[in-house]
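Asker: protein-v1.cif is reproduced in full below (mmCIF, C-alpha atoms; chains and numbers go by the auth columns).
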data_data
#
loop_
_atom_site.group_PDB
_atom_site.id
_atom_site.type_symbol
_atom_site.label_atom_id
_atom_site.label_comp_id
_atom_site.label_asym_id
_atom_site.label_seq_id
_atom_site.Cartn_x
_atom_site.Cartn_y
_atom_site.Cartn_z
_atom_site.B_iso_or_equiv
_atom_site.auth_seq_id
_atom_site.auth_asym_id
ATOM 1 C CA MET A 1 -20.863 9.841 -32.499 0.00 1 A
ATOM 2 C CA VAL A 2 -23.409 12.648 -32.470 0.00 2 A
ATOM 3 C CA ALA A 3 -22.729 16.344 -33.036 0.00 3 A
ATOM 4 C CA TYR A 4 -24.855 18.860 -31.118 0.00 4 A
ATOM 5 C CA VAL A 5 -26.098 22.306 -32.154 0.00 5 A
ATOM 6 C CA ILE A 6 -26.802 24.400 -29.067 0.00 6 A
ATOM 7 C CA ILE A 7 -29.629 26.905 -29.656 0.00 7 A
ATOM 8 C CA PRO A 8 -30.218 29.066 -26.559 0.00 8 A
ATOM 9 C CA GLY A 9 -32.943 31.623 -26.059 0.00 9 A
ATOM 10 C CA ILE A 10 -32.649 35.414 -25.973 0.00 10 A
ATOM 11 C CA ASP A 11 -29.211 36.638 -24.818 0.00 11 A
ATOM 12 C CA GLY A 12 -27.731 33.128 -24.951 0.00 12 A
ATOM 13 C CA SER A 13 -27.181 31.021 -21.855 0.00 13 A
ATOM 14 C CA ASP A 14 -24.769 31.907 -19.048 0.00 14 A
ATOM 15 C CA GLU A 15 -22.185 29.381 -17.844 0.00 15 A
ATOM 16 C CA GLY A 16 -24.531 28.008 -15.165 0.00 16 A
ATOM 17 C CA HIS A 17 -27.368 27.245 -17.586 0.00 17 A
ATOM 18 C CA TRP A 18 -27.977 23.582 -18.393 0.00 18 A
ATOM 19 C CA GLN A 19 -27.239 24.182 -22.096 0.00 19 A
ATOM 20 C CA SER A 20 -23.845 25.690 -21.285 0.00 20 A
ATOM 21 C CA ARG A 21 -22.984 22.834 -18.945 0.00 21 A
ATOM 22 C CA TRP A 22 -23.956 20.260 -21.577 0.00 22 A
ATOM 23 C CA GLU A 23 -22.013 22.144 -24.237 0.00 23 A
ATOM 24 C CA GLN A 24 -18.931 22.113 -22.032 0.00 24 A
ATOM 25 C CA ALA A 25 -19.341 18.390 -21.294 0.00 25 A
ATOM 26 C CA TRP A 26 -19.703 17.569 -25.010 0.00 26 A
ATOM 27 C CA GLY A 27 -16.588 19.545 -25.936 0.00 27 A
ATOM 28 C CA ASP A 28 -15.823 19.664 -29.657 0.00 28 A
ATOM 29 C CA ALA A 29 -18.995 17.698 -30.439 0.00 29 A
ATOM 30 C CA ALA A 30 -21.053 20.806 -29.577 0.00 30 A
ATOM 31 C CA VAL A 31 -21.488 23.986 -31.618 0.00 31 A
ATOM 32 C CA ARG A 32 -23.378 27.015 -30.269 0.00 32 A
ATOM 33 C CA ILE A 33 -25.253 29.328 -32.598 0.00 33 A
ATOM 34 C CA ALA A 34 -23.974 32.914 -32.810 0.00 34 A
ATOM 35 C CA PRO A 35 -26.706 35.231 -34.092 0.00 35 A
ATOM 36 C CA ALA A 36 -25.937 38.942 -34.321 0.00 36 A
ATOM 37 C CA SER A 37 -29.324 39.729 -32.763 0.00 37 A
ATOM 38 C CA TRP A 38 -29.032 37.949 -29.387 0.00 38 A
ATOM 39 C CA ASN A 39 -31.039 40.495 -27.404 0.00 39 A
ATOM 40 C CA ARG A 40 -33.308 41.806 -30.197 0.00 40 A
ATOM 41 C CA PRO A 41 -33.998 38.595 -32.112 0.00 41 A
ATOM 42 C CA GLU A 42 -34.532 38.650 -35.836 0.00 42 A
ATOM 43 C CA LEU A 43 -35.820 35.332 -37.138 0.00 43 A
ATOM 44 C CA ARG A 44 -33.817 35.442 -40.375 0.00 44 A
ATOM 45 C CA ASP A 45 -30.599 36.048 -38.412 0.00 45 A
ATOM 46 C CA TRP A 46 -31.315 33.235 -35.975 0.00 46 A
ATOM 47 C CA VAL A 47 -32.217 30.762 -38.728 0.00 47 A
ATOM 48 C CA ALA A 48 -28.987 31.665 -40.535 0.00 48 A
ATOM 49 C CA ALA A 49 -27.071 31.139 -37.275 0.00 49 A
ATOM 50 C CA VAL A 50 -28.623 27.690 -36.869 0.00 50 A
ATOM 51 C CA GLN A 51 -27.606 26.843 -40.448 0.00 51 A
ATOM 52 C CA ALA A 52 -24.033 28.034 -39.841 0.00 52 A
ATOM 53 C CA ALA A 53 -23.726 26.004 -36.634 0.00 53 A
ATOM 54 C CA TYR A 54 -25.259 22.960 -38.338 0.00 54 A
ATOM 55 C CA ASP A 55 -22.722 23.239 -41.162 0.00 55 A
ATOM 56 C CA VAL A 56 -19.875 23.291 -38.633 0.00 56 A
ATOM 57 C CA ALA A 57 -21.367 20.318 -36.768 0.00 57 A
ATOM 58 C CA VAL A 58 -21.727 18.270 -39.962 0.00 58 A
ATOM 59 C CA ALA A 59 -18.125 19.052 -40.925 0.00 59 A
ATOM 60 C CA ARG A 60 -16.870 17.638 -37.640 0.00 60 A
ATOM 61 C CA ASP A 61 -16.365 13.924 -37.130 0.00 61 A
ATOM 62 C CA GLY A 62 -19.622 13.595 -35.183 0.00 62 A
ATOM 63 C CA GLY A 63 -21.695 14.843 -38.074 0.00 63 A
ATOM 64 C CA VAL A 64 -20.164 12.786 -40.869 0.00 64 A
ATOM 65 C CA ASP A 65 -22.938 10.183 -40.739 0.00 65 A
ATOM 66 C CA GLY A 66 -25.605 12.880 -40.516 0.00 66 A
ATOM 67 C CA ARG A 67 -26.269 12.513 -36.811 0.00 67 A
ATOM 68 C CA VAL A 68 -26.736 16.051 -35.542 0.00 68 A
ATOM 69 C CA ALA A 69 -28.976 16.804 -32.567 0.00 69 A
ATOM 70 C CA LEU A 70 -30.488 20.236 -32.058 0.00 70 A
ATOM 71 C CA VAL A 71 -30.544 21.251 -28.378 0.00 71 A
ATOM 72 C CA ALA A 72 -32.915 24.217 -28.196 0.00 72 A
ATOM 73 C CA HIS A 73 -34.351 26.217 -25.313 0.00 73 A
ATOM 74 C CA SER A 74 -36.894 29.019 -25.077 0.00 74 A
ATOM 75 C CA LEU A 75 -36.840 31.241 -28.185 0.00 75 A
ATOM 76 C CA GLY A 76 -34.215 28.887 -29.615 0.00 76 A
ATOM 77 C CA CYS A 77 -37.019 26.341 -30.088 0.00 77 A
ATOM 78 C CA TRP A 78 -38.728 28.696 -32.533 0.00 78 A
ATOM 79 C CA ALA A 79 -35.478 29.231 -34.432 0.00 79 A
ATOM 80 C CA ALA A 80 -34.886 25.471 -34.547 0.00 80 A
ATOM 81 C CA ALA A 81 -38.419 24.748 -35.773 0.00 81 A
ATOM 82 C CA GLU A 82 -38.217 27.423 -38.453 0.00 82 A
ATOM 83 C CA TRP A 83 -34.786 26.183 -39.580 0.00 83 A
ATOM 84 C CA LEU A 84 -36.071 22.591 -39.780 0.00 84 A
ATOM 85 C CA ALA A 85 -39.055 23.697 -41.867 0.00 85 A
ATOM 86 C CA ARG A 86 -36.817 25.604 -44.280 0.00 86 A
ATOM 87 C CA ALA A 87 -33.712 23.417 -44.466 0.00 87 A
ATOM 88 C CA ARG A 88 -35.294 19.970 -44.193 0.00 88 A
ATOM 89 C CA PRO A 89 -32.053 18.163 -43.252 0.00 89 A
ATOM 90 C CA ARG A 90 -31.851 14.389 -43.394 0.00 90 A
#
Go ahead and express the file in the form of structure tokens.

Answerer:
Amino acid sequence: MVAYVIIPGIDGSDEGHWQSRWEQAWGDAAVRIAPASWNRPELRDWVAAVQAAYDVAVARDGGVDGRVALVAHSLGCWAAAEWLARARPR
């Protein structure tokens, strides 16, 4: 099983957005980031939010074998790329 980290762009994604629909379909296998700076992004905050969501995903059954997929969109792609460069997960 794969765990998913959902990384939307500025202001998150509303319930009709493809990321939100996928998140709902994946249920407990999906974890959405929760930065404090949704509408005025701060890179450090977003990278920390990706790390926190990744930690939750790894702790769930889907992440036990290290299979975590990042599902990023818009500004979330920058946060994901920066997190990958810093964290260097397996």

Asker: Apply the PyMOL selection byres ((chain A and resi 35) around 7) to the file shown and report the selected residues as a PyMOL selection string.

Answerer: chain A and resi 33-34+36-38+45-46+49

Asker: Take the residues that were just selected and, keeping C-alpha atoms, output them as a compact mmCIF listing (two decimals), keeping the file's coordinate frame.

Answerer:
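Output below, filename part-v3.txt:
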# COMPACT_ATOMS: atom_id res chain seq x y z
CA ILE A 33 -25.25 29.33 -32.60
CA ALA A 34 -23.97 32.91 -32.81
CA ALA A 36 -25.94 38.94 -34.32
CA SER A 37 -29.32 39.73 -32.76
CA TRP A 38 -29.03 37.95 -29.39
CA ASP A 45 -30.60 36.05 -38.41
CA TRP A 46 -31.32 33.24 -35.98
CA ALA A 49 -27.07 31.14 -37.28

Asker: Please compute the atom CA of A:Gly9-atom CA of A:Cys77 distance, one decimal, in Å.

Answerer: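 Going from atom CA of A:Gly9 over to atom CA of A:Cys77 covers 7.8 Å.
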
Asker: What would the selection look like, as a PDB file with C-alpha atoms, in the coordinates of the input, if the PyMOL selection byres ((chain A and resi 31) around 8) were run on the coordinates I just shared?

Answerer:
ATOM      1  CA  ALA A   3     -22.729  16.344 -33.036  1.00  0.00           C
ATOM      2  CA  TYR A   4     -24.855  18.860 -31.118  1.00  0.00           C
ATOM      3  CA  VAL A   5     -26.098  22.306 -32.154  1.00  0.00           C
ATOM      4  CA  ILE A   6     -26.802  24.400 -29.067  1.00  0.00           C
ATOM      5  CA  GLU A  23     -22.013  22.144 -24.237  1.00  0.00           C
ATOM      6  CA  ASP A  28     -15.823  19.664 -29.657  1.00  0.00           C
ATOM      7  CA  ALA A  29     -18.995  17.698 -30.439  1.00  0.00           C
ATOM      8  CA  ALA A  30     -21.053  20.806 -29.577  1.00  0.00           C
ATOM      9  CA  ARG A  32     -23.378  27.015 -30.269  1.00  0.00           C
ATOM     10  CA  ILE A  33     -25.253  29.328 -32.598  1.00  0.00           C
ATOM     11  CA  ALA A  53     -23.726  26.004 -36.634  1.00  0.00           C
ATOM     12  CA  TYR A  54     -25.259  22.960 -38.338  1.00  0.00           C
ATOM     13  CA  VAL A  56     -19.875  23.291 -38.633  1.00  0.00           C
ATOM     14  CA  ALA A  57     -21.367  20.318 -36.768  1.00  0.00           C
TER      15      ALA A  57
END

Asker: Would you please work out which residue, of A:Trp22, A:Ser13, A:Ala79, A:Pro89, is nearest to A:Val58 when using only C-alpha atoms?

Answerer: A:Pro89

Asker: How far is it from atom CA of A:Gln51 to atom CA of A:Val68, in Å with one decimal?

Answerer: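 It comes out at 11.9 Å.
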
Asker: At what distance in Å, to one decimal, does atom CA of A:Gly16 lie from atom CA of A:Leu84?

Answerer: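 Result for atom CA of A:Leu84 versus atom CA of A:Gly16: 27.7 Å, one decimal.
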
Asker: Can you work out which one of A:Ser20, A:Met1, A:Glu15, A:Ile7 has the shortest atom-to-atom distance to A:Ala81, counting all atoms listed in the file?

Answerer: A:Ile7

Asker: Considering all atoms listed in the file, state which residue in the set A:Asp14, A:Leu43, A:Arg90, A:Gln19 is at the smallest distance from A:Arg67.

Answerer: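 Looking at the shortest contact to A:Arg67, the residue is A:Arg90.
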
Asker: Which residue, A:Ile10, A:Ala87, A:Ala72, A:Val2, has the smallest gap to A:Arg60 when you use all atoms listed in the file?

Answerer: A:Val2

Asker: Which residue out of A:Ala52, A:Trp26, A:Arg21, A:Pro8 has the minimum interatomic distance to A:Trp78 when only C-alpha atoms are used?

Answerer: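 Nearest candidate to A:Trp78 out of A:Ala52, A:Trp26, A:Arg21, A:Pro8: A:Pro8.
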
Asker: For chain A of the block above, can you save C-alpha atoms as an mmCIF file, in the first residue's frame?

Answerer:
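Output contents, as saved in out-v6.cif:
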data_model
loop_
_atom_site.group_PDB
_atom_site.id
_atom_site.type_symbol
_atom_site.label_atom_id
_atom_site.label_comp_id
_atom_site.auth_asym_id
_atom_site.auth_seq_id
_atom_site.Cartn_x
_atom_site.Cartn_y
_atom_site.Cartn_z
ATOM 1 C CA MET A 1 0.000 0.000 0.000
ATOM 2 C CA VAL A 2 1.097 3.563 -0.684
ATOM 3 C CA ALA A 3 0.551 6.582 1.557
ATOM 4 C CA TYR A 4 -0.032 9.958 -0.114
ATOM 5 C CA VAL A 5 0.999 13.450 0.999
ATOM 6 C CA ILE A 6 -1.295 16.032 -0.579
ATOM 7 C CA ILE A 7 0.499 19.350 -1.192
ATOM 8 C CA PRO A 8 -1.883 21.948 -2.670
ATOM 9 C CA GLY A 9 -1.005 25.415 -3.864
ATOM 10 C CA ILE A 10 -1.836 28.758 -2.252
ATOM 11 C CA ASP A 11 -5.019 28.663 -0.129
ATOM 12 C CA GLY A 12 -5.276 24.868 -0.384
ATOM 13 C CA SER A 13 -7.694 23.135 -2.724
ATOM 14 C CA ASP A 14 -11.483 23.350 -2.453
ATOM 15 C CA GLU A 15 -13.605 20.187 -2.393
ATOM 16 C CA GLY A 16 -14.044 20.211 -6.184
ATOM 17 C CA HIS A 17 -10.315 20.325 -6.937
ATOM 18 C CA TRP A 18 -8.751 17.129 -8.272
ATOM 19 C CA GLN A 19 -6.414 16.905 -5.254
ATOM 20 C CA SER A 20 -9.347 17.041 -2.839
ATOM 21 C CA ARG A 21 -11.250 14.405 -4.790
ATOM 22 C CA TRP A 22 -8.214 12.109 -4.829
ATOM 23 C CA GLU A 23 -7.622 12.712 -1.130
ATOM 24 C CA GLN A 24 -11.210 11.751 -0.382
ATOM 25 C CA ALA A 25 -10.959 8.621 -2.554
ATOM 26 C CA TRP A 26 -7.723 7.538 -0.831
ATOM 27 C CA GLY A 27 -9.207 7.985 2.641
ATOM 28 C CA ASP A 28 -6.799 7.312 5.503
ATOM 29 C CA ALA A 29 -3.954 6.675 3.047
ATOM 30 C CA ALA A 30 -3.849 10.426 2.301
ATOM 31 C CA VAL A 31 -2.488 13.227 4.485
ATOM 32 C CA ARG A 32 -2.852 16.903 3.523
ATOM 33 C CA ILE A 33 -0.255 19.447 4.561
ATOM 34 C CA ALA A 34 -1.424 22.176 6.954
ATOM 35 C CA PRO A 35 0.881 25.197 6.759
ATOM 36 C CA ALA A 36 0.016 28.239 8.860
ATOM 37 C CA SER A 37 0.749 30.493 5.876
ATOM 38 C CA TRP A 38 -1.779 29.195 3.313
ATOM 39 C CA ASN A 39 -2.490 32.559 1.695
ATOM 40 C CA ARG A 40 0.862 34.287 2.361
ATOM 41 C CA PRO A 41 3.268 31.392 1.827
ATOM 42 C CA GLU A 42 6.480 31.172 3.773
ATOM 43 C CA LEU A 43 8.790 28.495 2.410
ATOM 44 C CA ARG A 44 10.068 27.387 5.821
ATOM 45 C CA ASP A 45 6.487 26.920 7.058
ATOM 46 C CA TRP A 46 5.463 24.958 3.981
ATOM 47 C CA VAL A 47 8.535 22.710 4.102
ATOM 48 C CA ALA A 48 7.831 22.022 7.782
ATOM 49 C CA ALA A 49 4.209 21.208 6.889
ATOM 50 C CA VAL A 50 5.373 18.736 4.242
ATOM 51 C CA GLN A 51 7.666 17.102 6.818
ATOM 52 C CA ALA A 52 4.831 16.853 9.359
ATOM 53 C CA ALA A 53 2.464 15.299 6.813
ATOM 54 C CA TYR A 54 5.194 12.916 5.634
ATOM 55 C CA ASP A 55 5.800 11.803 9.224
ATOM 56 C CA VAL A 56 2.089 11.052 9.643
ATOM 57 C CA ALA A 57 2.008 9.178 6.323
ATOM 58 C CA VAL A 58 5.028 7.045 7.252
ATOM 59 C CA ALA A 59 3.459 6.210 10.622
ATOM 60 C CA ARG A 60 0.358 4.851 8.917
ATOM 61 C CA ASP A 61 0.228 1.340 7.517
ATOM 62 C CA GLY A 62 0.751 2.579 3.953
ATOM 63 C CA GLY A 63 4.068 4.159 4.790
ATOM 64 C CA VAL A 64 5.627 1.323 6.769
ATOM 65 C CA ASP A 65 7.619 0.068 3.779
ATOM 66 C CA GLY A 66 8.655 3.602 2.849
ATOM 67 C CA ARG A 67 6.236 4.009 -0.030
ATOM 68 C CA VAL A 68 4.988 7.575 0.233
ATOM 69 C CA ALA A 69 3.924 9.529 -2.847
ATOM 70 C CA LEU A 70 3.920 13.314 -2.877
ATOM 71 C CA VAL A 71 0.937 14.734 -4.788
ATOM 72 C CA ALA A 72 1.783 18.391 -5.386
ATOM 73 C CA HIS A 73 0.109 21.150 -7.376
ATOM 74 C CA SER A 74 1.043 24.733 -8.188
ATOM 75 C CA LEU A 75 3.083 26.332 -5.381
ATOM 76 C CA GLY A 76 2.958 22.970 -3.604
ATOM 77 C CA CYS A 77 5.429 21.700 -6.222
ATOM 78 C CA TRP A 78 8.007 24.201 -4.983
ATOM 79 C CA ALA A 79 7.419 23.160 -1.374
ATOM 80 C CA ALA A 80 7.729 19.491 -2.347
ATOM 81 C CA ALA A 81 10.948 20.070 -4.299
ATOM 82 C CA GLU A 82 12.495 22.077 -1.479
ATOM 83 C CA TRP A 83 11.471 19.450 1.095
ATOM 84 C CA LEU A 84 12.964 16.664 -1.051
ATOM 85 C CA ALA A 85 16.235 18.580 -1.391
ATOM 86 C CA ARG A 86 16.452 19.118 2.369
ATOM 87 C CA ALA A 87 15.041 15.878 3.773
ATOM 88 C CA ARG A 88 16.326 13.403 1.189
ATOM 89 C CA PRO A 89 13.897 10.602 2.140
ATOM 90 C CA ARG A 90 14.468 7.070 0.910
#
